file query33.txt (compact mmCIF, C-alpha atoms and all ligand atoms)
# COMPACT_ATOMS: atom_id res chain seq x y z
CA MET A 107 -49.25 -36.50 -12.24
CA THR A 108 -51.03 -33.14 -12.27
CA LEU A 109 -49.43 -30.28 -10.42
CA TYR A 110 -51.37 -27.18 -9.49
CA ASP A 111 -49.52 -24.00 -8.47
CA VAL A 112 -51.17 -21.53 -6.11
CA PRO A 113 -49.72 -18.27 -4.68
CA ALA A 114 -49.95 -17.31 -1.00
CA PRO A 115 -49.39 -13.57 -0.37
CA ALA A 116 -47.81 -11.97 2.71
CA LYS A 117 -49.60 -9.37 4.85
CA LEU A 118 -48.62 -6.23 6.70
CA ASN A 119 -50.46 -4.92 9.75
CA LEU A 120 -50.83 -1.23 8.85
CA PHE A 121 -51.55 -0.65 12.55
CA LEU A 122 -52.18 -3.05 15.41
CA HIS A 123 -53.95 -2.00 18.60
CA VAL A 124 -54.37 -4.33 21.58
CA VAL A 125 -57.74 -3.46 23.13
CA GLY A 126 -58.24 -6.28 25.63
CA ARG A 127 -57.59 -9.85 26.65
CA ARG A 128 -59.93 -12.85 26.65
CA ALA A 129 -60.22 -15.30 29.55
CA ASP A 130 -58.25 -17.89 27.49
CA GLY A 131 -55.30 -15.50 27.24
CA TYR A 132 -55.84 -14.54 23.58
CA HIS A 133 -55.81 -10.83 22.90
CA LEU A 134 -58.53 -8.68 21.41
CA LEU A 135 -57.07 -6.66 18.60
CA GLN A 136 -57.97 -4.02 16.10
CA THR A 137 -55.82 -4.08 13.01
CA VAL A 138 -55.81 -3.62 9.25
CA PHE A 139 -54.30 -6.45 7.28
CA ARG A 140 -52.94 -5.36 3.91
CA PHE A 141 -51.84 -8.04 1.46
CA ILE A 142 -48.66 -7.39 -0.53
CA ASP A 143 -47.25 -8.99 -3.67
CA LEU A 144 -44.57 -10.95 -1.83
CA CYS A 145 -45.78 -14.54 -2.20
CA ASP A 146 -44.94 -18.13 -1.37
CA THR A 147 -45.97 -20.68 -4.02
CA LEU A 148 -47.70 -23.94 -3.16
CA HIS A 149 -47.73 -26.96 -5.45
CA PHE A 150 -50.49 -29.54 -5.16
CA ASP A 151 -50.18 -33.05 -6.51
CA LEU A 152 -53.42 -34.94 -5.86
CA ARG A 153 -53.25 -38.49 -4.50
CA SER A 154 -56.02 -41.04 -4.74
CA ASP A 155 -54.85 -43.00 -1.66
CA GLY A 156 -56.06 -40.41 0.87
CA VAL A 157 -52.55 -39.71 2.20
CA ILE A 158 -51.54 -36.11 2.96
CA SER A 159 -47.80 -35.57 2.63
CA ARG A 160 -45.32 -32.83 1.95
CA ALA A 161 -42.84 -32.72 -0.91
CA THR A 162 -40.55 -30.23 0.79
CA GLU A 163 -39.16 -30.12 4.30
CA LEU A 164 -39.76 -26.81 6.00
CA ALA A 165 -36.61 -26.00 7.96
CA GLY A 166 -37.24 -26.24 11.69
CA VAL A 167 -40.94 -27.18 11.29
CA PRO A 168 -41.78 -30.80 12.19
CA GLU A 169 -44.62 -32.43 10.21
CA ASP A 170 -47.15 -32.20 13.05
CA GLN A 171 -46.63 -28.44 13.30
CA ASP A 172 -46.63 -27.79 9.55
CA LEU A 173 -49.68 -25.57 9.02
CA THR A 174 -50.07 -26.65 5.38
CA LEU A 175 -50.49 -30.30 6.45
CA ARG A 176 -52.71 -29.35 9.40
CA ALA A 177 -54.96 -27.31 7.06
CA ALA A 178 -55.28 -30.24 4.61
CA HIS A 179 -56.10 -32.66 7.46
CA ALA A 180 -58.69 -30.22 8.87
CA LEU A 181 -60.48 -30.05 5.49
CA GLN A 182 -60.26 -33.81 4.98
CA ARG A 183 -61.70 -34.46 8.47
CA ALA A 184 -64.47 -31.88 8.10
CA THR A 185 -65.67 -33.20 4.74
CA GLY A 186 -64.81 -36.89 4.83
CA VAL A 187 -63.21 -36.61 1.38
CA ARG A 188 -61.23 -39.72 0.38
CA GLN A 189 -58.59 -38.03 -1.73
CA GLY A 190 -55.14 -37.06 -0.49
CA VAL A 191 -52.48 -34.65 -1.68
CA GLN A 192 -48.74 -34.05 -1.75
CA ILE A 193 -47.97 -30.41 -0.96
CA GLY A 194 -44.83 -28.65 -2.14
CA LEU A 195 -43.90 -25.22 -0.85
CA GLU A 196 -41.57 -22.58 -2.28
CA LYS A 197 -40.89 -20.14 0.56
CA ARG A 198 -40.19 -16.51 -0.19
CA ILE A 199 -41.95 -14.91 2.76
CA PRO A 200 -39.55 -14.83 5.74
CA GLN A 201 -40.61 -17.30 8.43
CA GLY A 202 -41.59 -15.90 11.81
CA GLY A 203 -41.30 -12.33 10.56
CA GLY A 204 -44.80 -11.00 11.28
CA LEU A 205 -45.75 -11.22 7.58
CA GLY A 206 -48.19 -14.09 8.01
CA GLY A 207 -46.42 -16.51 5.66
CA GLY A 208 -47.37 -19.73 7.48
CA SER A 209 -50.96 -18.53 7.96
CA SER A 210 -51.25 -17.58 4.29
CA ASP A 211 -49.87 -20.95 3.19
CA ALA A 212 -52.48 -22.70 5.36
CA ALA A 213 -55.30 -20.56 3.93
CA SER A 214 -54.18 -21.26 0.36
CA VAL A 215 -54.27 -24.98 1.14
CA LEU A 216 -57.87 -24.70 2.37
CA ILE A 217 -59.00 -22.65 -0.63
CA ALA A 218 -57.14 -24.71 -3.24
CA LEU A 219 -58.02 -28.17 -1.89
CA ASN A 220 -61.67 -27.16 -1.44
CA LYS A 221 -61.65 -26.62 -5.23
CA LEU A 222 -59.36 -29.51 -6.24
CA TRP A 223 -61.08 -32.04 -3.99
CA GLY A 224 -64.49 -30.65 -4.96
CA THR A 225 -65.56 -30.43 -1.31
CA GLY A 226 -67.72 -27.36 -1.94
CA LEU A 227 -67.42 -25.59 1.43
CA SER A 228 -68.43 -21.92 1.49
CA ARG A 229 -65.89 -19.22 2.28
CA ARG A 230 -67.51 -18.78 5.72
CA GLU A 231 -67.14 -22.53 6.40
CA LEU A 232 -63.49 -22.42 5.32
CA MET A 233 -62.92 -19.42 7.62
CA ALA A 234 -64.34 -21.43 10.54
CA LEU A 235 -61.87 -24.24 9.75
CA ALA A 236 -59.10 -21.64 9.49
CA LEU A 237 -59.44 -20.04 12.94
CA PRO A 238 -58.21 -23.03 15.04
CA LEU A 239 -55.10 -23.12 12.83
CA GLY A 240 -54.14 -19.60 13.94
CA ALA A 241 -55.67 -16.19 14.53
CA ASP A 242 -54.21 -14.80 11.29
CA VAL A 243 -55.43 -17.63 9.02
CA PRO A 244 -59.08 -16.46 8.51
CA VAL A 245 -58.11 -13.18 6.84
CA PHE A 246 -56.17 -15.04 4.17
CA VAL A 247 -59.25 -17.19 3.47
CA PHE A 248 -61.31 -13.98 3.42
CA GLY A 249 -58.96 -13.08 0.58
CA GLN A 250 -58.74 -9.30 0.67
CA SER A 251 -57.35 -6.51 2.79
CA ALA A 252 -59.51 -6.15 5.88
CA PHE A 253 -60.17 -4.33 9.13
CA ALA A 254 -60.00 -7.07 11.76
CA GLN A 255 -61.33 -7.26 15.30
CA GLY A 256 -61.76 -9.95 17.93
CA VAL A 257 -58.65 -12.13 17.87
CA GLY A 258 -58.51 -11.46 14.13
CA GLU A 259 -61.58 -13.35 12.92
CA ASP A 260 -64.14 -10.52 12.82
CA LEU A 261 -63.36 -9.10 9.37
CA SER A 262 -64.66 -6.21 7.28
CA ALA A 263 -63.34 -5.59 3.77
CA VAL A 264 -61.60 -2.24 3.29
CA THR A 265 -60.66 -0.54 0.05
CA LEU A 266 -57.15 0.80 0.44
CA PRO A 267 -55.36 3.38 -1.69
CA GLU A 268 -52.60 2.17 -4.00
CA ARG A 269 -49.39 2.14 -1.99
CA ALA A 270 -46.03 0.40 -2.06
CA TYR A 271 -43.88 -0.85 0.80
CA LEU A 272 -40.26 -1.53 1.50
CA VAL A 273 -39.89 -4.48 3.87
CA ALA A 274 -36.79 -5.16 5.97
CA GLN A 275 -36.04 -8.14 8.20
CA PRO A 276 -33.93 -7.43 11.30
CA ASP A 277 -31.67 -10.22 12.44
CA ALA A 278 -33.96 -11.44 15.23
CA SER A 279 -36.43 -14.26 15.61
CA VAL A 280 -39.37 -13.11 17.71
CA PRO A 281 -41.71 -15.74 19.25
CA THR A 282 -45.26 -14.31 19.15
CA PRO A 283 -46.45 -15.81 22.50
CA LYS A 284 -43.49 -14.20 24.31
CA ILE A 285 -44.55 -10.75 23.11
CA PHE A 286 -48.25 -11.20 23.90
CA SER A 287 -47.48 -12.45 27.41
CA ALA A 288 -45.01 -9.67 28.28
CA PRO A 289 -45.96 -7.82 31.49
CA ASP A 290 -45.30 -4.42 29.93
CA LEU A 291 -47.60 -4.96 26.94
CA THR A 292 -50.36 -2.34 27.04
CA ARG A 293 -53.75 -3.95 26.47
CA ASP A 294 -56.06 -0.98 26.81
CA SER A 295 -55.90 0.95 23.56
CA SER A 296 -59.12 2.85 22.88
CA TYR A 297 -61.55 1.24 20.49
CA ILE A 298 -61.67 2.89 17.08
CA THR A 299 -64.29 2.53 14.38
CA ILE A 300 -63.58 1.55 10.81
CA ALA A 301 -64.62 5.11 9.83
CA ASP A 302 -61.78 6.50 12.02
CA PHE A 303 -59.30 4.46 9.98
CA LEU A 304 -60.91 5.18 6.61
CA ALA A 305 -60.53 8.92 7.24
CA SER A 306 -56.74 8.41 6.75
CA PRO A 307 -56.27 4.87 5.44
CA THR A 308 -52.49 4.72 5.38
CA PHE A 309 -50.11 3.30 7.90
CA CYS A 310 -49.64 6.75 9.42
CA PHE A 311 -52.86 5.89 11.26
CA GLY A 312 -52.44 4.47 14.77
CA ARG A 313 -49.46 2.42 15.89
CA ASN A 314 -48.34 -1.13 16.58
CA ASP A 315 -48.81 -1.75 20.32
CA LEU A 316 -46.43 -4.72 20.19
CA GLU A 317 -43.50 -2.54 19.10
CA PRO A 318 -42.39 -1.23 22.53
CA VAL A 319 -42.18 -4.78 23.90
CA VAL A 320 -40.29 -6.12 20.85
CA PHE A 321 -37.97 -3.09 20.86
CA ARG A 322 -37.17 -3.67 24.56
CA LEU A 323 -36.54 -7.41 24.19
CA TYR A 324 -34.81 -7.30 20.78
CA PRO A 325 -32.48 -4.29 20.47
CA GLU A 326 -31.63 -5.42 16.89
CA VAL A 327 -35.19 -4.58 15.86
CA LEU A 328 -35.08 -1.18 17.56
CA GLY A 329 -31.65 -0.52 16.01
CA ALA A 330 -32.78 -1.44 12.49
CA SER A 331 -35.94 0.65 12.85
CA ARG A 332 -33.93 3.69 13.98
CA TRP A 333 -31.28 3.26 11.31
CA LEU A 334 -33.87 2.98 8.52
CA ALA A 335 -35.81 5.99 9.82
CA GLU A 336 -32.63 8.09 9.95
CA GLN A 337 -31.79 7.50 6.29
CA GLY A 338 -32.98 10.47 4.24
CA ILE A 339 -33.96 7.88 1.63
CA LEU A 340 -37.23 7.11 3.36
CA ARG A 341 -38.05 10.82 2.99
CA GLY A 342 -39.59 11.14 6.40
CA THR A 343 -41.95 8.18 6.09
CA PRO A 344 -42.15 6.42 9.44
CA VAL A 345 -40.96 2.85 9.88
CA ARG A 346 -43.36 0.39 11.48
CA MET A 347 -43.25 -3.21 12.61
CA SER A 348 -45.71 -5.78 11.20
CA GLY A 349 -47.51 -8.13 13.59
CA SER A 350 -45.21 -9.29 16.39
CA GLY A 351 -42.15 -8.60 14.22
CA ALA A 352 -39.42 -8.73 13.50
CA CYS A 353 -40.13 -7.36 9.99
CA LEU A 354 -40.30 -3.59 9.55
CA PHE A 355 -41.79 -1.63 6.69
CA ALA A 356 -42.08 1.86 5.27
CA GLU A 357 -44.88 3.06 2.99
CA PHE A 358 -44.53 4.90 -0.33
CA SER A 359 -47.12 6.28 -2.70
CA GLU A 360 -45.50 4.65 -5.77
CA LEU A 361 -43.78 1.31 -6.31
CA SER A 362 -40.99 3.15 -8.17
CA GLU A 363 -40.22 5.13 -4.98
CA ALA A 364 -40.01 1.94 -2.91
CA VAL A 365 -37.75 0.33 -5.53
CA LEU A 366 -35.51 3.42 -5.53
CA ALA A 367 -35.32 3.40 -1.71
CA GLU A 368 -34.43 -0.31 -1.82
CA ALA A 369 -31.62 0.37 -4.31
CA GLU A 370 -30.28 3.34 -2.30
CA ILE A 371 -30.27 1.47 1.00
CA SER A 372 -28.63 -1.56 -0.65
CA ALA A 373 -25.95 0.77 -2.03
CA ILE A 374 -25.27 2.21 1.44
CA MET A 375 -24.99 -1.29 2.90
CA ARG A 376 -22.71 -2.50 0.08
CA GLY A 377 -20.60 0.64 -0.10
CA ALA A 378 -20.00 1.02 3.63
CA ASP A 379 -16.65 -0.14 4.90
CA LYS A 380 -16.19 -3.65 6.23
CA THR A 381 -17.16 -2.59 9.72
CA PHE A 382 -20.79 -1.94 8.64
CA SER A 383 -22.02 -5.18 10.15
CA GLN A 384 -20.28 -4.41 13.46
CA THR A 385 -21.32 -0.80 13.73
CA HIS A 386 -24.83 -0.99 12.30
CA PRO A 387 -27.84 -3.06 13.29
CA ARG A 388 -28.01 -6.26 11.28
CA PHE A 389 -30.96 -6.56 8.94
CA ARG A 390 -31.62 -7.50 5.35
CA LEU A 391 -33.93 -5.85 2.87
CA VAL A 392 -36.68 -8.26 1.88
CA GLN A 393 -37.96 -6.31 -1.12
CA ALA A 394 -40.06 -3.46 -2.41
CA CYS A 395 -43.66 -4.67 -2.71
CA ALA A 396 -46.91 -3.35 -4.11
CA GLY A 397 -49.93 -3.32 -1.80
CA LEU A 398 -52.76 -5.57 -3.07
CA ALA A 399 -56.48 -4.79 -2.97
O1 LIG B 401 -53.11 -17.93 16.77
P1 LIG B 401 -51.61 -18.03 16.67
O2 LIG B 401 -51.12 -19.44 16.78
O3 LIG B 401 -51.06 -17.31 15.49
O4 LIG B 401 -51.06 -17.24 17.93
C1 LIG B 401 -49.78 -17.44 18.45
C2 LIG B 401 -49.78 -16.93 19.88
O5 LIG B 401 -49.92 -15.51 19.88
C3 LIG B 401 -50.91 -17.44 20.74
O6 LIG B 401 -50.54 -18.62 21.38
C4 LIG B 401 -51.10 -16.32 21.73
O7 LIG B 401 -50.14 -16.43 22.76
C5 LIG B 401 -50.74 -15.08 20.95
N1 LIG B 401 -51.91 -14.37 20.39
C6 LIG B 401 -52.73 -13.65 21.24
N2 LIG B 401 -53.80 -12.96 20.72
C7 LIG B 401 -54.05 -12.96 19.39
C8 LIG B 401 -53.22 -13.68 18.51
C9 LIG B 401 -52.14 -14.37 19.05
O8 LIG B 401 -52.51 -13.61 22.45
N3 LIG B 401 -55.10 -12.29 18.93
call {"tool": "encode", "arguments": {"input": "query33.txt", "output": "structure tokens"}}
result
Amino acid sequence: MTLYDVPAPAKLNLFLHVVGRRADGYHLLQTVFRFIDLCDTLHFDLRSDGVISRATELAGVPEDQDLTLRAAHALQRATGVRQGVQIGLEKRIPQGGGLGGGSSDAASVLIALNKLWGTGLSRRELMALALPLGADVPVFVFGQSAFAQGVGEDLSAVTLPERAYLVAQPDASVPTPKIFSAPDLTRDSSYITIADFLASPTFCFGRNDLEPVVFRLYPEVLGASRWLAEQGILRGTPVRMSGSGACLFAEFSELSEAVLAEAEISAIMRGADKTFSQTHPRFRLVQACAGLA
């Protein structure tokens, strides 16, 4: 038995503008995806019998909706390869948090199995297989931080300054389709160019157009965002939501600053009296992370 271990990083949307809507209901976006060093780990155990299976149950995700299995089947179908695989998954990226964990796992399956099965597809071909699995999957196959347009498939590489992030997960589970179909979602943000973003390539640029809808529907997310922003610890850095939430993040110039902020906020949460959870919005700190290239 040969096991191969492959990481799958999370992403943050430094900004996310909704600029239109396609006839099929999907939204046209402009966003910058930044990868961070918060990773799931996938384990691949090749099988010669052609069967694709999973070694670990993913809580609440039936087999036919498991993106790792769907990605492996898509590659097997597209190439006619006769090998199979058993896929194990160690989850660290919160599920359904706007950090792209499921999409990243699927992309890592495509990239890894393309190598392990020797199917030899190009990155462009893998990205075409990735898009039907989800609008956020192609960027993870692309493999670096990117300015994205269209529904998320039109990608340009961007070089981002070194930054660190503190990520928090409010106690809310936000279904992405519900946010995109909300009547109060604004869908007419002005188009920007990549040069507009590169003039100030931090998350102070732009905004997340999904935030007002999520904040209205999920007061826990609004509450956590306000509470975090009010703590002097973040030293005035704004708090922003990633993707369709619920995860929130703040940006720091150094990882040590993000780690310090994490420790200080943890201390407030631990040291507060027992009523903290009744009087404050419920959230948990995910971790301080470094931004990847
Ligand atoms: O592509 P994915 O499965 O991640 O999208 C989940 C849902 O989010 C879609 O069914 C759609 O309702 C919405 N969505 C959208 N426009 C995008 C991405 C997602 O409307 N660009």
call {"tool": "residues_near_ligand", "arguments": {"input": "query33.txt", "ligand": "ligand LIG 401 (chain B)", "cutoff": "6 Å", "atoms": "all atoms listed in the file", "output": "list of chain:residue names"}}
result
A:Gly131, A:Tyr132, A:His133, A:Leu134, A:Leu135, A:Gly240, A:Ala241, A:Asp242, A:Val257, A:Gly258, A:Thr282, A:Pro283, A:Phe286
call {"tool": "write_last_selection", "arguments": {"input": "query33.txt", "atoms": "C-alpha atoms", "output": "tab-separated table (two decimals), in the coordinates of the input"}}
result
chain	number	residue	atom	x	y	z
A	131	GLY	CA	-55.30	-15.50	27.24
A	132	TYR	CA	-55.84	-14.54	23.58
A	133	HIS	CA	-55.81	-10.83	22.90
A	134	LEU	CA	-58.53	-8.68	21.41
A	135	LEU	CA	-57.07	-6.66	18.60
A	240	GLY	CA	-54.14	-19.60	13.94
A	241	ALA	CA	-55.67	-16.19	14.53
A	242	ASP	CA	-54.21	-14.80	11.29
A	257	VAL	CA	-58.65	-12.13	17.87
A	258	GLY	CA	-58.51	-11.46	14.13
A	282	THR	CA	-45.26	-14.31	19.15
A	283	PRO	CA	-46.45	-15.81	22.50
A	286	PHE	CA	-48.25	-11.20	23.90
call {"tool": "atom_distance", "arguments": {"input": "query33.txt", "atom1": "atom CA of A:Phe150", "atom2": "atom CA of A:Ile193"}}
result
5.0 Å
call {"tool": "closest_residue", "arguments": {"input": "query33.txt", "among": "A:Ala305, A:Ile298, A:Ala213, A:Leu148", "to": "A:Met233", "atoms": "all atoms listed in the file"}}
result
A:Ala213
call {"tool": "axis_aligned_box", "arguments": {"input": "query33.txt", "around": "stretch 251-254 of chain A", "padding_each_side": "4 Å", "output": "lines of an AutoDock Vina configuration file"}}
result
center_x = -58.8
center_y = -5.7
center_z = 7.3
size_x = 10.8
size_y = 10.7
size_z = 17.0
call {"tool": "residues_around", "arguments": {"input": "query33.txt", "residues": "stretch 172-176 of chain A", "least_positions_apart": "4", "cutoff": "9 Å", "atoms": "only C-alpha atoms", "output": "VMD selection string"}}
result
chain A and resid 158 to 160 164 167 to 168 180 to 181 193 195 208 to 209 211 to 216 239 to 240
call {"tool": "atom_distance", "arguments": {"input": "query33.txt", "atom1": "atom CA of A:Val319", "atom2": "atom CA of A:Ile285"}}
result
6.5 Å
call {"tool": "residues_around", "arguments": {"input": "query33.txt", "residues": "A:Thr299", "least_positions_apart": "5", "cutoff": "10 Å", "atoms": "all atoms listed in the file", "output": "list in words"}}
result
Gln136, Phe253 and Leu304 of chain A
call {"tool": "closest_residue", "arguments": {"input": "query33.txt", "among": "A:Asp155, A:Asp111, A:Asp277, A:Asp260", "to": "A:Leu219", "atoms": "all atoms listed in the file"}}
result
A:Asp111
call {"tool": "residues_around", "arguments": {"input": "query33.txt", "residues": "stretch 334-336 of chain A", "least_positions_apart": "6", "cutoff": "12 Å", "atoms": "all atoms listed in the file", "output": "ChimeraX atom specification"}}
result
/A:272-276,327-328,342-347,354-357,367-368,370-372,374-375,386-391
call {"tool": "closest_residue", "arguments": {"input": "query33.txt", "among": "A:Gly207, A:Gly249, A:Pro307, A:Gly351", "to": "A:Val280", "atoms": "only C-alpha atoms"}}
result
A:Gly351
call {"tool": "atom_distance", "arguments": {"input": "query33.txt", "atom1": "atom CA of A:Trp333", "atom2": "atom CA of A:Ser306"}}
result
26.4 Å
call {"tool": "closest_residue", "arguments": {"input": "query33.txt", "among": "A:Arg140, A:Arg188, A:Arg128, A:Arg229", "to": "A:Ser348", "atoms": "all atoms listed in the file"}}
result
A:Arg140
call {"tool": "closest_residue", "arguments": {"input": "query33.txt", "among": "A:Ala364, A:Val157, A:Leu122, A:Ala116", "to": "A:Leu340", "atoms": "all atoms listed in the file"}}
result
A:Ala364
call {"tool": "residues_near_point", "arguments": {"input": "query33.txt", "point": "(-62.3, -7.7, 5.5)", "cutoff": "12 Å", "atoms": "all atoms listed in the file", "output": "PyMOL selection string"}}
result
chain A and resi 137-141+233+244-255+258-266+300+399
call {"tool": "write_last_selection", "arguments": {"input": "query33.txt", "atoms": "C-alpha atoms", "output": "mmCIF file, keeping the file's coordinate frame"}}
result
data_model
loop_
_atom_site.group_PDB
_atom_site.id
_atom_site.type_symbol
_atom_site.label_atom_id
_atom_site.label_comp_id
_atom_site.auth_asym_id
_atom_site.auth_seq_id
_atom_site.Cartn_x
_atom_site.Cartn_y
_atom_site.Cartn_z
ATOM 1 C CA THR A 137 -55.820 -4.080 13.010
ATOM 2 C CA VAL A 138 -55.810 -3.620 9.250
ATOM 3 C CA PHE A 139 -54.300 -6.450 7.280
ATOM 4 C CA ARG A 140 -52.940 -5.360 3.910
ATOM 5 C CA PHE A 141 -51.840 -8.040 1.460
ATOM 6 C CA MET A 233 -62.920 -19.420 7.620
ATOM 7 C CA PRO A 244 -59.080 -16.460 8.510
ATOM 8 C CA VAL A 245 -58.110 -13.180 6.840
ATOM 9 C CA PHE A 246 -56.170 -15.040 4.170
ATOM 10 C CA VAL A 247 -59.250 -17.190 3.470
ATOM 11 C CA PHE A 248 -61.310 -13.980 3.420
ATOM 12 C CA GLY A 249 -58.960 -13.080 0.580
ATOM 13 C CA GLN A 250 -58.740 -9.300 0.670
ATOM 14 C CA SER A 251 -57.350 -6.510 2.790
ATOM 15 C CA ALA A 252 -59.510 -6.150 5.880
ATOM 16 C CA PHE A 253 -60.170 -4.330 9.130
ATOM 17 C CA ALA A 254 -60.000 -7.070 11.760
ATOM 18 C CA GLN A 255 -61.330 -7.260 15.300
ATOM 19 C CA GLY A 258 -58.510 -11.460 14.130
ATOM 20 C CA GLU A 259 -61.580 -13.350 12.920
ATOM 21 C CA ASP A 260 -64.140 -10.520 12.820
ATOM 22 C CA LEU A 261 -63.360 -9.100 9.370
ATOM 23 C CA SER A 262 -64.660 -6.210 7.280
ATOM 24 C CA ALA A 263 -63.340 -5.590 3.770
ATOM 25 C CA VAL A 264 -61.600 -2.240 3.290
ATOM 26 C CA THR A 265 -60.660 -0.540 0.050
ATOM 27 C CA LEU A 266 -57.150 0.800 0.440
ATOM 28 C CA ILE A 300 -63.580 1.550 10.810
ATOM 29 C CA ALA A 399 -56.480 -4.790 -2.970
#
call {"tool": "closest_residue", "arguments": {"input": "query33.txt", "among": "A:Asn119, A:Val187, A:His149, A:Ser362", "to": "A:Thr308", "atoms": "all atoms listed in the file"}}
result
A:Asn119
call {"tool": "decode", "arguments": {"input": "query33.txt", "residues": "stretch 208-260 of chain A", "atoms": "C-alpha atoms", "output": "mmCIF file, in the first residue's frame"}}
result
data_model
loop_
_atom_site.group_PDB
_atom_site.id
_atom_site.type_symbol
_atom_site.label_atom_id
_atom_site.label_comp_id
_atom_site.auth_asym_id
_atom_site.auth_seq_id
_atom_site.Cartn_x
_atom_site.Cartn_y
_atom_site.Cartn_z
ATOM 1 C CA GLY A 208 -14.305 21.650 -0.395
ATOM 2 C CA SER A 209 -13.256 23.337 -3.653
ATOM 3 C CA SER A 210 -9.578 23.151 -2.700
ATOM 4 C CA ASP A 211 -9.890 19.468 -1.783
ATOM 5 C CA ALA A 212 -11.453 18.768 -5.198
ATOM 6 C CA ALA A 213 -8.683 20.672 -7.008
ATOM 7 C CA SER A 214 -5.980 18.801 -5.092
ATOM 8 C CA VAL A 215 -7.609 15.527 -6.145
ATOM 9 C CA LEU A 216 -7.470 16.573 -9.815
ATOM 10 C CA ILE A 217 -3.848 17.724 -9.616
ATOM 11 C CA ALA A 218 -2.613 14.773 -7.549
ATOM 12 C CA LEU A 219 -4.427 12.015 -9.457
ATOM 13 C CA ASN A 220 -3.381 13.514 -12.795
ATOM 14 C CA LYS A 221 0.196 12.863 -11.611
ATOM 15 C CA LEU A 222 -0.370 9.568 -9.756
ATOM 16 C CA TRP A 223 -2.494 8.051 -12.517
ATOM 17 C CA GLY A 224 -0.143 9.458 -15.164
ATOM 18 C CA THR A 225 -3.057 10.896 -17.151
ATOM 19 C CA GLY A 226 -1.000 13.849 -18.382
ATOM 20 C CA LEU A 227 -3.712 16.514 -18.690
ATOM 21 C CA SER A 228 -2.501 20.119 -18.911
ATOM 22 C CA ARG A 229 -3.371 22.626 -16.202
ATOM 23 C CA ARG A 230 -5.854 24.271 -18.601
ATOM 24 C CA GLU A 231 -7.547 20.893 -19.201
ATOM 25 C CA LEU A 232 -7.734 20.263 -15.456
ATOM 26 C CA MET A 233 -9.259 23.734 -14.957
ATOM 27 C CA ALA A 234 -11.956 22.883 -17.526
ATOM 28 C CA LEU A 235 -12.758 19.700 -15.544
ATOM 29 C CA ALA A 236 -12.767 21.776 -12.352
ATOM 30 C CA LEU A 237 -15.396 24.377 -13.317
ATOM 31 C CA PRO A 238 -18.459 22.051 -13.363
ATOM 32 C CA LEU A 239 -17.496 20.937 -9.840
ATOM 33 C CA GLY A 240 -17.927 24.501 -8.537
ATOM 34 C CA ALA A 241 -17.099 28.081 -9.450
ATOM 35 C CA ASP A 242 -14.269 28.242 -6.891
ATOM 36 C CA VAL A 243 -12.527 25.014 -7.969
ATOM 37 C CA PRO A 244 -10.570 26.373 -11.016
ATOM 38 C CA VAL A 245 -8.539 28.860 -8.966
ATOM 39 C CA PHE A 246 -7.212 26.068 -6.768
ATOM 40 C CA VAL A 247 -6.115 24.169 -9.903
ATOM 41 C CA PHE A 248 -4.578 27.422 -11.168
ATOM 42 C CA GLY A 249 -2.537 27.145 -7.985
ATOM 43 C CA GLN A 250 -1.727 30.719 -7.040
ATOM 44 C CA SER A 251 -3.402 33.850 -5.767
ATOM 45 C CA ALA A 252 -5.417 35.374 -8.585
ATOM 46 C CA PHE A 253 -7.694 38.152 -9.762
ATOM 47 C CA ALA A 254 -10.846 36.347 -10.894
ATOM 48 C CA GLN A 255 -13.671 37.393 -13.171
ATOM 49 C CA GLY A 256 -16.616 35.698 -14.861
ATOM 50 C CA VAL A 257 -18.126 33.268 -12.366
ATOM 51 C CA GLY A 258 -14.597 32.748 -11.045
ATOM 52 C CA GLU A 259 -12.973 30.939 -13.967
ATOM 53 C CA ASP A 260 -11.324 33.868 -15.766
#
